[in-house]
$ cat query_14.pdb   # PDB, C-alpha atoms, pLDDT in the B column
MODEL        1
ATOM      1  CA  MET A  12       0.000   0.000   0.000  1.00 34.00           C
ATOM      2  CA  LEU A  13       1.345   3.428  -0.937  1.00 38.00           C
ATOM      3  CA  LEU A  14       1.881   5.638   2.096  1.00 41.00           C
ATOM      4  CA  LEU A  15       3.822   8.460   0.460  1.00 42.00           C
ATOM      5  CA  PRO A  16       1.408  10.967  -1.073  1.00 39.00           C
ATOM      6  CA  PHE A  17       2.744  14.090  -2.761  1.00 35.00           C
ATOM      7  CA  LEU A  18       1.366  17.227  -4.393  1.00 35.00           C
ATOM      8  CA  VAL A  19       2.461  17.688  -8.009  1.00 35.00           C
ATOM      9  CA  LEU A  20       3.245  21.311  -8.772  1.00 35.00           C
ATOM     10  CA  ALA A  21       3.029  22.887 -12.193  1.00 34.00           C
ATOM     11  CA  GLN A  22       6.720  23.746 -12.316  1.00 36.00           C
ATOM     12  CA  GLU A  23       8.692  20.804 -13.761  1.00 50.00           C
ATOM     13  CA  SER A  24      12.091  22.460 -14.134  1.00 78.00           C
ATOM     14  CA  VAL A  25      14.745  22.647 -11.429  1.00 79.00           C
ATOM     15  CA  PRO A  26      14.383  23.982  -8.816  1.00 91.00           C
ATOM     16  CA  TRP A  27      11.180  22.302  -7.692  1.00 94.00           C
ATOM     17  CA  SER A  28       9.416  21.406  -4.469  1.00 94.00           C
ATOM     18  CA  ARG A  29       6.940  18.662  -3.588  1.00 95.00           C
ATOM     19  CA  GLU A  30       4.892  17.870  -0.520  1.00 96.00           C
ATOM     20  CA  VAL A  31       5.757  14.358   0.672  1.00 95.00           C
ATOM     21  CA  VAL A  32       5.476  12.131   3.725  1.00 94.00           C
ATOM     22  CA  ALA A  33       8.805  10.336   4.087  1.00 95.00           C
ATOM     23  CA  ASP A  34      11.569   9.599   6.571  1.00 93.00           C
ATOM     24  CA  ALA A  35      14.388   8.973   4.081  1.00 94.00           C
ATOM     25  CA  LEU A  36      15.230   9.174   0.398  1.00 96.00           C
ATOM     26  CA  GLU A  37      17.570   7.669  -2.172  1.00 97.00           C
ATOM     27  CA  ILE A  38      18.376   8.655  -5.766  1.00 97.00           C
ATOM     28  CA  ASP A  39      19.652   6.128  -8.313  1.00 97.00           C
ATOM     29  CA  ARG A  40      22.014   6.812 -11.226  1.00 94.00           C
ATOM     30  CA  LEU A  41      19.063   7.152 -13.614  1.00 96.00           C
ATOM     31  CA  GLY A  42      17.590   9.978 -11.560  1.00 95.00           C
ATOM     32  CA  ASN A  43      14.753   7.924 -10.064  1.00 98.00           C
ATOM     33  CA  ILE A  44      13.652   8.995  -6.597  1.00 98.00           C
ATOM     34  CA  TYR A  45      12.936   6.574  -3.740  1.00 98.00           C
ATOM     35  CA  LEU A  46      11.005   7.746  -0.680  1.00 97.00           C
ATOM     36  CA  VAL A  47      10.907   5.605   2.441  1.00 95.00           C
ATOM     37  CA  LYS A  48       8.258   5.693   5.151  1.00 93.00           C
ATOM     38  CA  GLY A  49       8.437   2.910   7.701  1.00 89.00           C
ATOM     39  CA  ASN A  50       8.685  -0.343   5.739  1.00 90.00           C
ATOM     40  CA  VAL A  51       7.289   1.130   2.525  1.00 94.00           C
ATOM     41  CA  VAL A  52       9.512   2.214  -0.383  1.00 96.00           C
ATOM     42  CA  ALA A  53       7.878   4.236  -3.163  1.00 97.00           C
ATOM     43  CA  LYS A  54       9.677   4.883  -6.441  1.00 98.00           C
ATOM     44  CA  TYR A  55       9.173   7.940  -8.666  1.00 98.00           C
ATOM     45  CA  ASP A  56      10.800   9.118 -11.849  1.00 97.00           C
ATOM     46  CA  ALA A  57      12.820  12.344 -12.024  1.00 94.00           C
ATOM     47  CA  GLU A  58       9.614  14.374 -12.493  1.00 92.00           C
ATOM     48  CA  MET A  59       8.041  12.746  -9.413  1.00 95.00           C
ATOM     49  CA  ASN A  60       5.616  10.585 -11.356  1.00 96.00           C
ATOM     50  CA  PHE A  61       4.787   7.519  -9.267  1.00 97.00           C
ATOM     51  CA  LEU A  62       6.208   4.265 -10.650  1.00 98.00           C
ATOM     52  CA  CYS A  63       5.814   1.525  -8.045  1.00 98.00           C
ATOM     53  CA  ALA A  64       6.006   0.688  -4.341  1.00 97.00           C
ATOM     54  CA  TYR A  65       7.321  -2.164  -2.198  1.00 96.00           C
ATOM     55  CA  ASP A  66       6.093  -3.231   1.228  1.00 93.00           C
ATOM     56  CA  ASN A  67       7.153  -6.537   2.772  1.00 86.00           C
ATOM     57  CA  TYR A  68       5.666  -6.243   6.244  1.00 80.00           C
ATOM     58  CA  PRO A  69       6.344  -9.883   7.266  1.00 81.00           C
ATOM     59  CA  ALA A  70      10.065  -9.354   6.621  1.00 79.00           C
ATOM     60  CA  GLY A  71      10.361  -7.110   9.677  1.00 78.00           C
ATOM     61  CA  SER A  72      11.738  -3.609   9.993  1.00 84.00           C
ATOM     62  CA  MET A  73      13.723  -2.370   6.989  1.00 91.00           C
ATOM     63  CA  SER A  74      17.319  -1.553   7.950  1.00 93.00           C
ATOM     64  CA  SER A  75      18.671  -0.118   4.706  1.00 94.00           C
ATOM     65  CA  LEU A  76      17.954   0.453   1.038  1.00 97.00           C
ATOM     66  CA  ASP A  77      20.687   0.411  -1.623  1.00 97.00           C
ATOM     67  CA  VAL A  78      19.771   1.644  -5.121  1.00 97.00           C
ATOM     68  CA  SER A  79      23.323   1.740  -6.510  1.00 95.00           C
ATOM     69  CA  ASN A  80      22.112  -0.682  -9.176  1.00 95.00           C
ATOM     70  CA  PRO A  81      18.573   0.435 -10.135  1.00 97.00           C
ATOM     71  CA  PHE A  82      17.955  -2.951 -11.777  1.00 97.00           C
ATOM     72  CA  LYS A  83      19.010  -4.863  -8.661  1.00 96.00           C
ATOM     73  CA  VAL A  84      17.913  -2.912  -5.606  1.00 98.00           C
ATOM     74  CA  ILE A  85      18.899  -4.297  -2.206  1.00 97.00           C
ATOM     75  CA  VAL A  86      16.520  -4.124   0.754  1.00 97.00           C
ATOM     76  CA  PHE A  87      18.128  -5.336   3.975  1.00 96.00           C
ATOM     77  CA  TYR A  88      16.395  -6.554   7.143  1.00 94.00           C
ATOM     78  CA  SER A  89      18.996  -6.922   9.895  1.00 92.00           C
ATOM     79  CA  GLU A  90      16.457  -8.198  12.432  1.00 90.00           C
ATOM     80  CA  PHE A  91      16.151 -11.440  10.469  1.00 91.00           C
ATOM     81  CA  ASN A  92      19.615 -11.199   8.884  1.00 93.00           C
ATOM     82  CA  LYS A  93      18.276 -11.336   5.340  1.00 93.00           C
ATOM     83  CA  LEU A  94      18.159  -9.232   2.206  1.00 94.00           C
ATOM     84  CA  MET A  95      15.925  -8.976  -0.817  1.00 95.00           C
ATOM     85  CA  TYR A  96      16.847  -8.250  -4.443  1.00 96.00           C
ATOM     86  CA  LEU A  97      14.246  -6.216  -6.358  1.00 97.00           C
ATOM     87  CA  ASP A  98      14.149  -5.379 -10.052  1.00 98.00           C
ATOM     88  CA  SER A  99      13.397  -1.923 -11.472  1.00 97.00           C
ATOM     89  CA  LYS A 100       9.658  -2.507 -10.965  1.00 98.00           C
ATOM     90  CA  PHE A 101      10.144  -3.817  -7.414  1.00 97.00           C
ATOM     91  CA  ALA A 102       9.440  -7.438  -8.293  1.00 97.00           C
ATOM     92  CA  GLU A 103      11.477  -9.833  -6.153  1.00 96.00           C
ATOM     93  CA  LEU A 104      14.294 -11.277  -8.268  1.00 95.00           C
ATOM     94  CA  ARG A 105      14.770 -14.341  -6.087  1.00 92.00           C
ATOM     95  CA  SER A 106      13.840 -15.792  -2.737  1.00 92.00           C
ATOM     96  CA  PRO A 107      15.220 -13.976   0.343  1.00 93.00           C
ATOM     97  CA  ILE A 108      18.957 -14.327   0.934  1.00 94.00           C
ATOM     98  CA  MET A 109      19.576 -15.547   4.463  1.00 93.00           C
ATOM     99  CA  LEU A 110      23.016 -14.429   5.583  1.00 94.00           C
ATOM    100  CA  ASP A 111      23.136 -17.157   8.200  1.00 92.00           C
ATOM    101  CA  ASP A 112      23.513 -19.560   5.266  1.00 90.00           C
ATOM    102  CA  ALA A 113      26.821 -17.848   4.458  1.00 87.00           C
ATOM    103  CA  GLU A 114      27.864 -18.099   8.132  1.00 89.00           C
ATOM    104  CA  LEU A 115      27.499 -14.334   8.475  1.00 91.00           C
ATOM    105  CA  TYR A 116      25.584 -13.908  11.702  1.00 89.00           C
ATOM    106  CA  ASN A 117      24.027 -10.804  13.267  1.00 83.00           C
ATOM    107  CA  THR A 118      24.973  -8.631  10.293  1.00 91.00           C
ATOM    108  CA  LYS A 119      24.190  -4.945  10.752  1.00 91.00           C
ATOM    109  CA  VAL A 120      25.442  -3.387   7.506  1.00 96.00           C
ATOM    110  CA  VAL A 121      25.405  -4.437   3.839  1.00 97.00           C
ATOM    111  CA  CYS A 122      25.728  -2.690   0.473  1.00 97.00           C
ATOM    112  CA  SER A 123      25.785  -3.505  -3.214  1.00 96.00           C
ATOM    113  CA  SER A 124      29.031  -4.397  -5.000  1.00 96.00           C
ATOM    114  CA  SER A 125      29.818  -3.429  -8.594  1.00 91.00           C
ATOM    115  CA  PHE A 126      31.729  -6.716  -8.879  1.00 89.00           C
ATOM    116  CA  GLY A 127      28.480  -8.602  -8.361  1.00 86.00           C
ATOM    117  CA  GLY A 128      26.968  -9.757  -5.115  1.00 93.00           C
ATOM    118  CA  PHE A 129      27.186  -7.541  -2.067  1.00 96.00           C
ATOM    119  CA  TRP A 130      29.476  -6.364   0.710  1.00 97.00           C
ATOM    120  CA  VAL A 131      28.902  -7.090   4.392  1.00 97.00           C
ATOM    121  CA  PHE A 132      30.722  -5.741   7.404  1.00 96.00           C
ATOM    122  CA  ASP A 133      31.879  -8.688   9.513  1.00 93.00           C
ATOM    123  CA  GLU A 134      31.757  -7.411  13.096  1.00 91.00           C
ATOM    124  CA  GLN A 135      33.418 -10.488  14.551  1.00 89.00           C
ATOM    125  CA  ASN A 136      36.496 -10.256  12.327  1.00 91.00           C
ATOM    126  CA  VAL A 137      36.276  -6.437  11.930  1.00 94.00           C
ATOM    127  CA  CYS A 138      36.605  -6.491   8.167  1.00 95.00           C
ATOM    128  CA  VAL A 139      34.470  -6.306   5.049  1.00 97.00           C
ATOM    129  CA  ARG A 140      33.583  -9.322   2.955  1.00 96.00           C
ATOM    130  CA  ARG A 141      32.157  -9.543  -0.524  1.00 96.00           C
ATOM    131  CA  VAL A 142      29.566 -12.272  -1.011  1.00 96.00           C
ATOM    132  CA  ASP A 143      28.792 -13.627  -4.489  1.00 92.00           C
ATOM    133  CA  SER A 144      25.498 -14.912  -5.871  1.00 84.00           C
ATOM    134  CA  ASN A 145      26.247 -18.403  -4.527  1.00 87.00           C
ATOM    135  CA  LEU A 146      26.704 -17.025  -1.000  1.00 91.00           C
ATOM    136  CA  GLU A 147      30.423 -17.704  -1.199  1.00 93.00           C
ATOM    137  CA  ILE A 148      32.968 -15.213   0.193  1.00 93.00           C
ATOM    138  CA  SER A 149      34.741 -13.895  -2.917  1.00 94.00           C
ATOM    139  CA  GLN A 150      36.799 -11.156  -1.246  1.00 94.00           C
ATOM    140  CA  GLN A 151      37.887 -10.349   2.302  1.00 95.00           C
ATOM    141  CA  GLY A 152      39.497  -7.095   3.358  1.00 96.00           C
ATOM    142  CA  THR A 153      42.093  -6.551   6.037  1.00 95.00           C
ATOM    143  CA  ASN A 154      41.229  -6.248   9.723  1.00 96.00           C
ATOM    144  CA  ILE A 155      40.496  -2.595  10.574  1.00 96.00           C
ATOM    145  CA  TYR A 156      40.018  -2.808  14.334  1.00 95.00           C
ATOM    146  CA  ASP A 157      42.919  -0.433  14.988  1.00 95.00           C
ATOM    147  CA  LYS A 158      41.219   2.161  12.772  1.00 94.00           C
ATOM    148  CA  LEU A 159      37.692   1.629  14.058  1.00 92.00           C
ATOM    149  CA  ALA A 160      38.441   1.035  17.769  1.00 87.00           C
ATOM    150  CA  ASP A 161      35.179   0.797  19.740  1.00 87.00           C
ATOM    151  CA  ALA A 162      32.986   2.604  17.204  1.00 92.00           C
ATOM    152  CA  ASP A 163      30.168   0.803  15.412  1.00 93.00           C
ATOM    153  CA  VAL A 164      29.739   0.829  11.643  1.00 95.00           C
ATOM    154  CA  ILE A 165      26.243   2.124  10.888  1.00 93.00           C
ATOM    155  CA  ALA A 166      26.274   2.328   7.068  1.00 94.00           C
ATOM    156  CA  MET A 167      28.376   1.316   4.089  1.00 96.00           C
ATOM    157  CA  ARG A 168      28.402   2.397   0.430  1.00 96.00           C
ATOM    158  CA  GLU A 169      30.567   1.591  -2.589  1.00 96.00           C
ATOM    159  CA  SER A 170      31.675   4.229  -5.103  1.00 94.00           C
ATOM    160  CA  ILE A 171      33.630   3.767  -8.329  1.00 91.00           C
ATOM    161  CA  ASN A 172      36.965   3.016  -6.663  1.00 94.00           C
ATOM    162  CA  TYR A 173      36.294   2.966  -2.939  1.00 97.00           C
ATOM    163  CA  LEU A 174      34.191   1.523  -0.155  1.00 97.00           C
ATOM    164  CA  PHE A 175      32.995   3.940   2.543  1.00 97.00           C
ATOM    165  CA  LEU A 176      32.263   2.784   6.098  1.00 97.00           C
ATOM    166  CA  PHE A 177      30.393   5.258   8.287  1.00 94.00           C
ATOM    167  CA  ALA A 178      30.937   4.909  12.049  1.00 93.00           C
ATOM    168  CA  ASP A 179      28.734   6.219  14.842  1.00 90.00           C
ATOM    169  CA  ASP A 180      31.571   8.360  16.242  1.00 89.00           C
ATOM    170  CA  GLY A 181      31.647  10.608  13.156  1.00 88.00           C
ATOM    171  CA  LYS A 182      34.533   8.820  11.455  1.00 92.00           C
ATOM    172  CA  VAL A 183      34.502   7.543   7.860  1.00 95.00           C
ATOM    173  CA  LEU A 184      36.852   4.731   6.897  1.00 97.00           C
ATOM    174  CA  ILE A 185      37.692   4.651   3.200  1.00 97.00           C
ATOM    175  CA  LEU A 186      38.714   1.264   1.820  1.00 98.00           C
ATOM    176  CA  ASP A 187      39.968   0.380  -1.643  1.00 97.00           C
ATOM    177  CA  LYS A 188      37.898  -1.723  -4.035  1.00 93.00           C
ATOM    178  CA  PHE A 189      39.342  -4.878  -2.479  1.00 95.00           C
ATOM    179  CA  GLY A 190      38.249  -3.947   1.032  1.00 96.00           C
ATOM    180  CA  ASN A 191      41.657  -2.882   2.350  1.00 97.00           C
ATOM    181  CA  PHE A 192      42.146   0.285   4.418  1.00 97.00           C
ATOM    182  CA  TYR A 193      43.061   3.381   2.415  1.00 97.00           C
ATOM    183  CA  ARG A 194      42.281   6.480   4.479  1.00 96.00           C
ATOM    184  CA  SER A 195      40.140   7.763   7.343  1.00 95.00           C
ATOM    185  CA  LEU A 196      38.194  11.001   7.591  1.00 94.00           C
ATOM    186  CA  GLU A 197      36.807  12.732  10.667  1.00 90.00           C
ATOM    187  CA  VAL A 198      33.476  14.351   9.802  1.00 87.00           C
ATOM    188  CA  GLY A 199      32.323  14.969  13.380  1.00 76.00           C
ATOM    189  CA  GLY A 200      29.772  13.312  15.634  1.00 69.00           C
ATOM    190  CA  SER A 201      27.022  15.748  14.630  1.00 73.00           C
ATOM    191  CA  CYS A 202      26.848  14.363  11.074  1.00 82.00           C
ATOM    192  CA  THR A 203      23.171  13.741  10.257  1.00 83.00           C
ATOM    193  CA  ASP A 204      23.310  12.228   6.763  1.00 91.00           C
ATOM    194  CA  PHE A 205      25.732  11.225   4.014  1.00 92.00           C
ATOM    195  CA  CYS A 206      25.869   9.927   0.476  1.00 94.00           C
ATOM    196  CA  VAL A 207      28.411   9.079  -2.213  1.00 94.00           C
ATOM    197  CA  ASP A 208      28.409  10.185  -5.856  1.00 91.00           C
ATOM    198  CA  ASN A 209      31.291   8.916  -7.973  1.00 89.00           C
ATOM    199  CA  ASP A 210      34.310   9.208  -5.617  1.00 92.00           C
ATOM    200  CA  VAL A 211      33.006  12.230  -3.704  1.00 94.00           C
ATOM    201  CA  LEU A 212      31.617  11.866  -0.182  1.00 95.00           C
ATOM    202  CA  TYR A 213      28.894  14.307   0.859  1.00 95.00           C
ATOM    203  CA  TYR A 214      27.846  14.729   4.478  1.00 93.00           C
ATOM    204  CA  SER A 215      25.658  17.129   6.445  1.00 90.00           C
ATOM    205  CA  ARG A 216      26.839  18.690   9.697  1.00 84.00           C
ATOM    206  CA  ASN A 217      25.457  21.665  11.610  1.00 81.00           C
ATOM    207  CA  GLY A 218      22.916  22.204   8.836  1.00 81.00           C
ATOM    208  CA  GLU A 219      25.584  22.472   6.105  1.00 87.00           C
ATOM    209  CA  ILE A 220      26.687  20.046   3.413  1.00 91.00           C
ATOM    210  CA  SER A 221      30.367  19.305   2.888  1.00 92.00           C
ATOM    211  CA  ALA A 222      31.907  17.546  -0.099  1.00 94.00           C
ATOM    212  CA  TYR A 223      35.067  15.477   0.327  1.00 95.00           C
ATOM    213  CA  ASP A 224      36.926  14.488  -2.844  1.00 95.00           C
ATOM    214  CA  VAL A 225      38.907  11.327  -2.129  1.00 95.00           C
ATOM    215  CA  VAL A 226      41.281  11.731  -5.081  1.00 92.00           C
ATOM    216  CA  ALA A 227      42.072  15.385  -4.392  1.00 93.00           C
ATOM    217  CA  ASP A 228      41.943  14.833  -0.598  1.00 94.00           C
ATOM    218  CA  ASN A 229      40.159  18.124   0.025  1.00 94.00           C
ATOM    219  CA  THR A 230      36.831  19.259   1.487  1.00 94.00           C
ATOM    220  CA  ILE A 231      34.577  22.165   0.508  1.00 92.00           C
ATOM    221  CA  VAL A 232      31.249  23.429   1.831  1.00 90.00           C
ATOM    222  CA  ILE A 233      28.320  23.510  -0.595  1.00 88.00           C
ATOM    223  CA  PRO A 234      26.137  26.646  -0.353  1.00 80.00           C
ATOM    224  CA  THR A 235      22.581  25.754   0.694  1.00 80.00           C
ATOM    225  CA  GLU A 236      21.021  29.230   0.578  1.00 75.00           C
ATOM    226  CA  GLY A 237      20.514  29.357   4.306  1.00 75.00           C
ATOM    227  CA  LYS A 238      18.569  26.098   4.507  1.00 79.00           C
ATOM    228  CA  ASN A 239      19.234  23.891   7.510  1.00 79.00           C
ATOM    229  CA  ILE A 240      19.979  20.556   5.832  1.00 83.00           C
ATOM    230  CA  SER A 241      19.359  17.261   7.612  1.00 82.00           C
ATOM    231  CA  LYS A 242      18.335  14.555   5.111  1.00 92.00           C
ATOM    232  CA  PHE A 243      19.672  14.938   1.574  1.00 95.00           C
ATOM    233  CA  ARG A 244      21.040  13.206  -1.498  1.00 96.00           C
ATOM    234  CA  ILE A 245      23.245  14.463  -4.332  1.00 95.00           C
ATOM    235  CA  ARG A 246      23.295  12.941  -7.785  1.00 91.00           C
ATOM    236  CA  HIS A 247      25.545  14.591 -10.354  1.00 86.00           C
ATOM    237  CA  ASP A 248      24.612  18.313 -10.236  1.00 89.00           C
ATOM    238  CA  LEU A 249      21.305  17.965  -8.376  1.00 94.00           C
ATOM    239  CA  LEU A 250      20.771  18.391  -4.638  1.00 94.00           C
ATOM    240  CA  TYR A 251      17.667  16.775  -3.125  1.00 96.00           C
ATOM    241  CA  MET A 252      16.703  18.020   0.345  1.00 94.00           C
ATOM    242  CA  LEU A 253      14.138  16.184   2.472  1.00 94.00           C
ATOM    243  CA  GLY A 254      12.537  18.293   5.170  1.00 89.00           C
ATOM    244  CA  GLU A 255       9.365  18.014   7.183  1.00 85.00           C
ATOM    245  CA  ASN A 256       6.657  17.112   4.640  1.00 89.00           C
ATOM    246  CA  LYS A 257       8.686  18.528   1.752  1.00 94.00           C
ATOM    247  CA  LEU A 258      11.178  17.364  -0.869  1.00 96.00           C
ATOM    248  CA  GLU A 259      13.133  20.043  -2.719  1.00 94.00           C
ATOM    249  CA  CYS A 260      15.482  19.761  -5.670  1.00 95.00           C
ATOM    250  CA  ARG A 261      17.908  22.330  -7.057  1.00 92.00           C
ATOM    251  CA  LYS A 262      21.087  22.483  -9.106  1.00 91.00           C
ATOM    252  CA  ILE A 263      24.491  22.813  -7.506  1.00 86.00           C
ATOM    253  CA  GLN A 264      28.010  23.262  -8.790  1.00 73.00           C
ATOM    254  CA  VAL A 265      30.882  21.680  -6.911  1.00 62.00           C
ATOM    255  CA  GLU A 266      34.223  23.333  -7.632  1.00 57.00           C
ATOM    256  CA  LYS A 267      37.140  20.972  -7.091  1.00 51.00           C
TER     257      LYS A 267
ENDMDL
END
$ encode --input "query_14.pdb" --output "structure tokens"
Amino acid sequence: MLLLPFLVLAQESVPWSREVVADALEIDRLGNIYLVKGNVVAKYDAEMNFLCAYDNYPAGSMSSLDVSNPFKVIVFYSEFNKLMYLDSKFAELRSPIMLDDAELYNTKVVCSSSFGGFWVFDEQNVCVRRVDSNLEISQQGTNIYDKLADADVIAMRESINYLFLFADDGKVLILDKFGNFYRSLEVGGSCTDFCVDNDVLYYSRNGEISAYDVVADNTIVIPTEGKNISKFRIRHDLLYMLGENKLECRKIQVEK
């Protein structure tokens, strides 16, 4: 059942604003917009025309949504240690993947892998592992306990060349495409949201959005016209800002 109503405005060009009811959002590489409310995910095209929705109430509480591959969306349910693969129309591509079957127990964080399969953060061995379609471990990174210490990993995303691990103490660990430690970044404990576009990490802190370029190893602040940003996503040159009952989109230009 669709729980994410919105008001379509006449203006279709950027910038635009829509009334929505959502707790989180994601944007895929095709510009499709995903709004999340509770266990319901609703998908819209770039003009906010409704496409489809997914609600798997028996699966438990949704832990994360990864739309890195819009044709193979990952919905993860950590409570039951399982994930679902959905196609572009939100049809289930296969039966649920139970991570216990891969001897990966009590998993908290997963994300899609461009090599096929998906990454998991192995809390017991304090490393990342890539799992293939046969639930075999195809890649294991180095132990990163000395970098992570007592912090917990709360999210993970893959970019073109890197894997980003977000910790609850405001630290981001950047791994290479094989899961080995590359660099760490302190973004501060007040960080409220983050996303990755190409090899640039974006994060919100104190109502502002910062952009960290891994290759250039520098950080800039993106002007937000005085808006206090909490939930957001950036895809190419578009900034999507989710506020209370409103989704806004506008163009940005990031100078490197």
$ resolve_selection --input "query_14.pdb" --expression "the PyMOL selection byres ((chain A and resi 254) around 8)" --output "VMD selection string"
chain A and resid 240 to 242 252 to 253 255 to 258
$ write_last_selection --input "query_14.pdb" --atoms "C-alpha atoms" --output "PDB file, in the frame of the given file"
ATOM      1  CA  ILE A 240      19.979  20.556   5.832  1.00 83.00           C
ATOM      2  CA  SER A 241      19.359  17.261   7.612  1.00 82.00           C
ATOM      3  CA  LYS A 242      18.335  14.555   5.111  1.00 92.00           C
ATOM      4  CA  MET A 252      16.703  18.020   0.345  1.00 94.00           C
ATOM      5  CA  LEU A 253      14.138  16.184   2.472  1.00 94.00           C
ATOM      6  CA  GLU A 255       9.365  18.014   7.183  1.00 85.00           C
ATOM      7  CA  ASN A 256       6.657  17.112   4.640  1.00 89.00           C
ATOM      8  CA  LYS A 257       8.686  18.528   1.752  1.00 94.00           C
ATOM      9  CA  LEU A 258      11.178  17.364  -0.869  1.00 96.00           C
TER      10      LEU A 258
END
$ residues_near_point --input "query_14.pdb" --point "(13.9, -9.2, -8.1)" --cutoff "10 Å" --atoms "all atoms listed in the file" --output "VMD selection string"
chain A and resid 82 to 85 95 to 107
$ resolve_selection --input "query_14.pdb" --expression "the PyMOL selection byres ((chain A and resi 146) around 9)" --output "JSON, numbers by chain"
{"A": [108, 110, 112, 113, 128, 142, 143, 144, 145, 147, 148, 149]}
$ residues_around --input "query_14.pdb" --residues "Ser201 in chain A" --least-positions-apart "3" --cutoff "9 Å" --atoms "all atoms listed in the file" --output "compact mmCIF listing (two decimals) with C-alpha atoms, in the frame of the given file"
# COMPACT_ATOMS: atom_id res chain seq x y z
CA ASP A 180 31.57 8.36 16.24
CA GLY A 181 31.65 10.61 13.16
CA VAL A 198 33.48 14.35 9.80
CA SER A 215 25.66 17.13 6.44
CA ARG A 216 26.84 18.69 9.70
CA ASN A 217 25.46 21.66 11.61
$ axis_aligned_box --input "query_14.pdb" --around "range 192-201 of chain A" --padding-each-side "5 Å" --output "lines of an AutoDock Vina configuration file"
center_x = 35.0
center_y = 8.0
center_z = 9.0
size_x = 26.0
size_y = 25.5
size_z = 23.2
$ closest_atom_pairs --input "query_14.pdb" --of "range 59-100 of chain A" --to "range 116-119 of chain A" --cutoff "9 Å" --atoms "all atoms listed in the file" --output "JSON lines"
{"residue": "A:Ser74", "atom": "CA", "partner": "A:Lys119", "partner_atom": "CA", "distance": 8.2}
{"residue": "A:Tyr88", "atom": "CA", "partner": "A:Lys119", "partner_atom": "CA", "distance": 8.7}
{"residue": "A:Ser89", "atom": "CA", "partner": "A:Lys119", "partner_atom": "CA", "distance": 5.6}
{"residue": "A:Glu90", "atom": "CA", "partner": "A:Asn117", "partner_atom": "CA", "distance": 8.0}
{"residue": "A:Phe91", "atom": "CA", "partner": "A:Asn117", "partner_atom": "CA", "distance": 8.4}
{"residue": "A:Asn92", "atom": "CA", "partner": "A:Thr118", "partner_atom": "CA", "distance": 6.1}
{"residue": "A:Lys93", "atom": "CA", "partner": "A:Thr118", "partner_atom": "CA", "distance": 8.8}
$ write_last_selection --input "query_14.pdb" --atoms "C-alpha atoms" --output "PDB file, in the coordinates of the input"
ATOM      1  CA  SER A  74      17.319  -1.553   7.950  1.00 93.00           C
ATOM      2  CA  TYR A  88      16.395  -6.554   7.143  1.00 94.00           C
ATOM      3  CA  SER A  89      18.996  -6.922   9.895  1.00 92.00           C
ATOM      4  CA  GLU A  90      16.457  -8.198  12.432  1.00 90.00           C
ATOM      5  CA  PHE A  91      16.151 -11.440  10.469  1.00 91.00           C
ATOM      6  CA  ASN A  92      19.615 -11.199   8.884  1.00 93.00           C
ATOM      7  CA  LYS A  93      18.276 -11.336   5.340  1.00 93.00           C
TER       8      LYS A  93
END
$ closest_residue --input "query_14.pdb" --among "A:Ala166, A:Leu186, A:Ile263, A:Ala70" --to "Ala222 in chain A" --atoms "all atoms listed in the file"
A:Ile263
$ closest_residue --input "query_14.pdb" --among "A:Cys122, A:Ala64, A:Ala33, A:Ile38" --to "Ser170 in chain A" --atoms "all atoms listed in the file"
A:Cys122
$ resolve_selection --input "query_14.pdb" --expression "the PyMOL selection byres ((chain A and resi 230-236) around 9)" --output "ChimeraX atom specification"
/A:218-225,227-229,237-240,263-267
$ closest_residue --input "query_14.pdb" --among "A:Ser72, A:Lys262, A:Val51, A:Ser195" --to "Leu249 in chain A" --atoms "all atoms listed in the file"
A:Lys262
$ atom_distance --input "query_14.pdb" --atom1 "CA of Gln135 in chain A" --atom2 "CA of Asn67 in chain A"
29.1 Å
